[in-house]
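One structure is given here, and the rest of the page talks about it.
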Amino acid sequence: MQSDGEIVRAVLDGRREAFAALVARHERAVWATAWRVLRDGHAAADAGQEAFLQAYRRLRDLRDPDQFGAWLVRIAGREATRLARRRAREPVRSESLDGCGAGPADGLSSDSEELLEAVARLPEHERVVVSLRYLEGQSVAEVAAALGRPVGTVTKQLSRAIERLRTHVNKGVTR
């Protein structure tokens with residue numbers, strides 16, 4: 001399997017169709033990042049699409065192609081925040097489809113929503129490693145390489161994040 005860096009370099013070398021592999025690899029994490037901000041499947045899909053467009057247009061600005069996943073998740077978060085602010089200024093329309101699923105996590109259960117909310121509250125460095133590891137399915141070694149961190153650091157960050165999530169879930173059970 002090609003690394004993100006190899007695919008990014010291929011795109012920059014003129015193989016534009018290679019970008020589809022990056023989209024397929026990262027679409028779940030991008031959608032989940034946007035959903036955590038927007039809480040609307042359709043809006044999250046729109047924000048995700050815009051994040052991919054921005055990433056494609058600004059690909060030459062990426063200093064380390066192996067950091068593509070983390071860079072893209074940050075773009076998605078900013079785009080979702082921008083869209084949320086714009087939506088807050090707009091009057092609510094009766095034909096709004098808020099709450100309808102339109103992405104990789106259609107029909108989220110309340111437990112899944114609660115877990116995504118808990119992930120959204122993690123410190124950014126933990127949120128990124130959790131997204132790359134569990135939403136994108138990358139191995140710990142791949143996450144470490146993508147972020148330029150030692151494997152031990154990523155392992156510790158995942159461990160701390162999981163402990164925070166367990167604490168949150170256990171609090172929810174006792175309510």
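Each chain in the structure tokens gets a letter, A, B, ..., in the order shown, and its residues are numbered from 1; ligands are numbered from 1 in order too.
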
Using only C-alpha atoms, which residues sit within 6 Å of region 150-154 of chain A once same-chain residues fewer than 3 positions away are excluded, as a compact mmCIF listing (two decimals) with C-alpha atoms, in the first residue's frame?
```
# COMPACT_ATOMS: atom_id res chain seq x y z
CA ALA A 141 3.32 2.78 12.93
CA ALA A 144 3.50 7.73 13.87
CA GLN A 157 -1.39 9.33 23.19
```

Within 12 Å of Gln2 (chain A) using only C-alpha atoms, minus same-chain residues under 5 positions, as number ranges by chain: A: 7-10, 18, 21-22, 25, 66, 142

Closest of A:Ala146, A:Ala44, A:Ala120, A:Leu158 to Pro65 (chain A) - atom-to-atom distances counting only C-alpha atoms: A:Ala146

Residue nearest Val23 (chain A) among A:Glu113, A:Glu90, A:Asp4, A:Asp40 (counting only C-alpha atoms):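 Closest candidate: A:Asp4.
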
Per residue of region 16-76 of chain A within 10 Å of region 130-136 of chain A, what are the shortest atom pair and its distance in Å to one decimal, counting only C-alpha atoms, with rows by chain and residue number, as a Markdown table?
```
| residue | atom | partner | partner_atom | distance |
| --- | --- | --- | --- | --- |
| A:Ala24 | CA | A:Glu136 | CA | 9.6 |
| A:Arg25 | CA | A:Glu136 | CA | 6.6 |
| A:His26 | CA | A:Glu136 | CA | 6.1 |
| A:Glu27 | CA | A:Glu136 | CA | 8.2 |
| A:Arg28 | CA | A:Leu135 | CA | 6.2 |
| A:Ala29 | CA | A:Leu135 | CA | 5.3 |
| A:Val30 | CA | A:Ser131 | CA | 8.9 |
| A:Trp31 | CA | A:Leu135 | CA | 9.9 |
| A:Ala32 | CA | A:Leu135 | CA | 8.1 |
| A:Thr33 | CA | A:Ser131 | CA | 8.3 |
| A:Gly69 | CA | A:Leu132 | CA | 7.3 |
| A:Ala70 | CA | A:Leu132 | CA | 7.7 |
| A:Val73 | CA | A:Ser131 | CA | 8.5 |
```

Can those selected residues be exported to a file as an mmCIF file, in the first residue's frame so that it contains C-alpha atoms?
```cif
data_model
loop_
_atom_site.group_PDB
_atom_site.id
_atom_site.type_symbol
_atom_site.label_atom_id
_atom_site.label_comp_id
_atom_site.auth_asym_id
_atom_site.auth_seq_id
_atom_site.Cartn_x
_atom_site.Cartn_y
_atom_site.Cartn_z
ATOM 1 C CA ALA A 24 -11.065 7.121 -0.347
ATOM 2 C CA ARG A 25 -8.520 6.724 2.449
ATOM 3 C CA HIS A 26 -9.512 9.822 4.425
ATOM 4 C CA GLU A 27 -13.208 10.446 3.701
ATOM 5 C CA ARG A 28 -14.489 8.846 6.934
ATOM 6 C CA ALA A 29 -12.174 10.881 9.167
ATOM 7 C CA VAL A 30 -12.982 14.095 7.282
ATOM 8 C CA TRP A 31 -16.723 13.454 7.503
ATOM 9 C CA ALA A 32 -16.515 12.587 11.221
ATOM 10 C CA THR A 33 -14.447 15.707 11.916
ATOM 11 C CA GLY A 69 -3.941 13.019 6.844
ATOM 12 C CA ALA A 70 -3.379 15.279 9.834
ATOM 13 C CA VAL A 73 -8.304 16.774 9.234
#
```

Using only C-alpha atoms: which of A:Arg160, A:Asp61, A:Glu114, A:Ala80 has the shortest distance to Val129 (chain A):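 Of all the options, A:Arg160 lies closest to Val129 (chain A).
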